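Novice: The structure's right below; bear with me while I get my questions together.
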Amino acid sequence: MSTTANFPIKLLYWGAGTEKNLDGKPHLHSFFQLEICRTGRIVGISENGAMALEQGEFWLIPPETPHSFRSSGTSASYYSIKFQAEHPFRTAGRSGHPVADYHVAAIVRLLGESGRTGRMDFVSKTILCQHLWCLLETLNADRENEIVESPFLQRQKEFISNHGAEANVTRLAEEENMSLPRFKKQFRRETGGRTDIKRFIDEHLIQCAVGHLTYSSGNLTEIARLMKFPTIYAFSRFFKSRMGVSPLEYRNRHHR
């Protein structure tokens, strides 16, 4: 269905799924895909690494972008929308922008009202397309206005990369010679409040782990030691709790 000229969106598919529908197979396609986590946690994989989507969070995937989804190992559910759009947006977008989150929440309400049948009347489809278009516009504007990551956040990532699992908010604050409250305030300012420090640390640790598992020739014990985990079992528990698969399973699928 095409909407008015102001919202050139063509819906191809919309529906709900659970962790049982996530096969983890990498693929790409010629249309946009919006994946929204309804409950639990699902894991999205792209060429840039992995990320966990929790309740209410989304990932907007542009055409021709390799990606896959897998379960985190626990029960989860999600909405998936596939659509064509005459729009220049070409960079994957995530949750965290308040206006984008507003449009995604509206989309979730519309999908919830459509029920299990997946049926929508013309008006509901038109409203859905309007929210999809506004989501694209919001994320595109956010990308165009994006500035280079601040030296402050670069320092935090460098510290996490060097100290691995030993990194925590207290040590980050000490490294900046800041009190904990002052550091937290500075972190919120630098990130626009889009993530919390614990999640920031965990996501960067996962990115480091994915890099080691994909490209390193070291075994899992060596990687765990390099990332300052006390044992390989602690490393495995951390990785599987966020990725839904063990480090060994991930390496067997993605090692180059």
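So you can find residues: chains in the structure tokens are A, B, ... in the order shown, residues in each start at 1, and ligands are numbered from 1 in order.
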Name the residues in contact with Ala50 of chain A at a cut-off of 9 Å, using only C-alpha atoms, excluding same-chain residues fewer than 4 positions from it; report them as a VMD selection string.
Specialist: chain A and resid 43 to 46 203 206 to 207 210 243
Novice: Taking the DSSP secondary structure from the backbone, can you list the residues of segment 8-255 of chain A that are alpha helix (DSSP H), as a count of residues only?
Specialist: 118
Novice: Considering only C-alpha atoms, return as a PyMOL selection string whatever protein or nucleic-acid residues lie within 9 Å of Gly164 of chain A, sequence-local ones (same chain, fewer than 6 positions apart) excluded.
Specialist: chain A and resi 205+208+226-229
Novice: Would you pick out the contacts of segment 187-189 of chain A at 10 Å or less, using only C-alpha atoms, so that residues sharing its chain but fewer than 5 positions from it are not included, and give the list as a list in words?
Specialist: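 The residues that qualify are Phe152, Leu153, Gln156, Ala173, Pro181, Arg182, Arg194, Thr195, Asp196 and Ile197 of chain A.
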Novice: Can you check which residues of segment 15-129 of chain A DSSP gives as strand (DSSP E) on the backbone and send them as a VMD selection string?
Specialist: chain A and resid 15 to 18 32 to 39 41 to 46 49 to 54 58 to 61 67 to 71 77 to 85 93 to 94
Novice: Which residue is closest to Arg199 of chain A? Choose from A:Lys20, A:His29, A:Arg38, A:Arg242 and count only C-alpha atoms.
Specialist: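 Under the stated criterion, the closest residue is A:Arg242.
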Novice: Residues of segment 133-250 of chain A that approach segment 80-100 of chain A to 12 Å or less, counting only C-alpha atoms: could you list each one with the shortest pair of atoms and its distance in Å to one decimal, rows by chain and increasing residue number, as JSON lines?
Specialist:
```
{"residue": "A:Trp133", "atom": "CA", "partner": "A:Ala85", "partner_atom": "CA", "distance": 8.0}
{"residue": "A:Cys134", "atom": "CA", "partner": "A:Ala100", "partner_atom": "CA", "distance": 8.0}
{"residue": "A:Leu135", "atom": "CA", "partner": "A:Ala100", "partner_atom": "CA", "distance": 5.4}
{"residue": "A:Leu136", "atom": "CA", "partner": "A:Phe89", "partner_atom": "CA", "distance": 6.7}
{"residue": "A:Glu137", "atom": "CA", "partner": "A:Phe89", "partner_atom": "CA", "distance": 8.0}
{"residue": "A:Thr138", "atom": "CA", "partner": "A:Ala100", "partner_atom": "CA", "distance": 6.2}
{"residue": "A:Leu139", "atom": "CA", "partner": "A:Gly93", "partner_atom": "CA", "distance": 6.4}
{"residue": "A:Asn140", "atom": "CA", "partner": "A:Phe89", "partner_atom": "CA", "distance": 5.7}
{"residue": "A:Ala141", "atom": "CA", "partner": "A:Phe89", "partner_atom": "CA", "distance": 9.3}
{"residue": "A:Asp142", "atom": "CA", "partner": "A:His97", "partner_atom": "CA", "distance": 8.3}
{"residue": "A:Arg143", "atom": "CA", "partner": "A:Thr91", "partner_atom": "CA", "distance": 8.0}
{"residue": "A:Glu144", "atom": "CA", "partner": "A:Phe89", "partner_atom": "CA", "distance": 10.1}
{"residue": "A:Thr191", "atom": "CA", "partner": "A:Gly96", "partner_atom": "CA", "distance": 9.7}
{"residue": "A:Gly192", "atom": "CA", "partner": "A:His97", "partner_atom": "CA", "distance": 8.8}
{"residue": "A:Gly193", "atom": "CA", "partner": "A:Gly96", "partner_atom": "CA", "distance": 8.1}
{"residue": "A:Arg194", "atom": "CA", "partner": "A:Gly96", "partner_atom": "CA", "distance": 4.7}
{"residue": "A:Thr195", "atom": "CA", "partner": "A:Gly96", "partner_atom": "CA", "distance": 7.2}
{"residue": "A:Asp196", "atom": "CA", "partner": "A:Gly96", "partner_atom": "CA", "distance": 10.8}
```
Novice: Need to verify the contact set: Leu132 of chain A, 8 Å, only C-alpha atoms, exclusion of same-chain residues closer than 4 positions in sequence. Can you return it as an MDAnalysis selection string?
Specialist: chainID A and resid 9 103 107 128 136
Novice: Skipping near chain neighbours, those fewer than 6 positions away, what residues fall within 10 Å of Val169 of chain A using only C-alpha atoms, listed as a list in words?
Specialist: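 The residues that qualify are Gln156, Glu175, Leu180, Phe183, Lys184, Ile197, Lys198 and Ile201 of chain A.
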Novice: Which residue out of A:Thr65, A:Phe200, A:Met178, A:Ser161 has the minimum interatomic distance to Pro26 of chain A when only C-alpha atoms are used?
Specialist: A:Thr65
Novice: Determine, counting only C-alpha atoms, which protein, DNA and RNA residues have an atom within 12 Å of an atom of Arg253 of chain A; residues of the same chain fewer than 2 positions away are not included. Present the result as a list of chain:residue names.
Specialist: A:Gly24, A:Lys25, A:Pro26, A:Val210, A:Leu213, A:Thr214, A:Val245, A:Ser246, A:Pro247, A:Leu248, A:Glu249, A:Tyr250, A:Arg251, A:His255, A:Arg256
Novice: With C-alpha atoms retained, write the just-selected residues as a CSV table (one decimal), in the first residue's frame.
Specialist:
```csv
chain,number,residue,atom,x,y,z
A,24,GLY,CA,20.7,-16.2,13.5
A,25,LYS,CA,21.3,-16.5,9.8
A,26,PRO,CA,23.0,-13.5,8.2
A,210,VAL,CA,33.4,-10.1,19.2
A,213,LEU,CA,36.5,-14.1,18.6
A,214,THR,CA,36.2,-13.2,14.9
A,245,VAL,CA,25.4,-18.1,22.4
A,246,SER,CA,28.6,-19.2,24.0
A,247,PRO,CA,31.9,-17.7,22.8
A,248,LEU,CA,32.8,-21.0,21.2
A,249,GLU,CA,29.6,-21.2,19.2
A,250,TYR,CA,30.1,-17.6,18.1
A,251,ARG,CA,33.7,-18.3,17.0
A,255,HIS,CA,35.9,-16.8,12.8
A,256,ARG,CA,37.8,-15.5,9.8
```
Novice: Which is closer to Ser114 of chain A than all the others in A:Glu174, A:Trp14, A:Gln33, A:Lys157, using only C-alpha atoms?
Specialist: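 Of the candidates, the smallest distance to Ser114 of chain A is held by A:Trp14.
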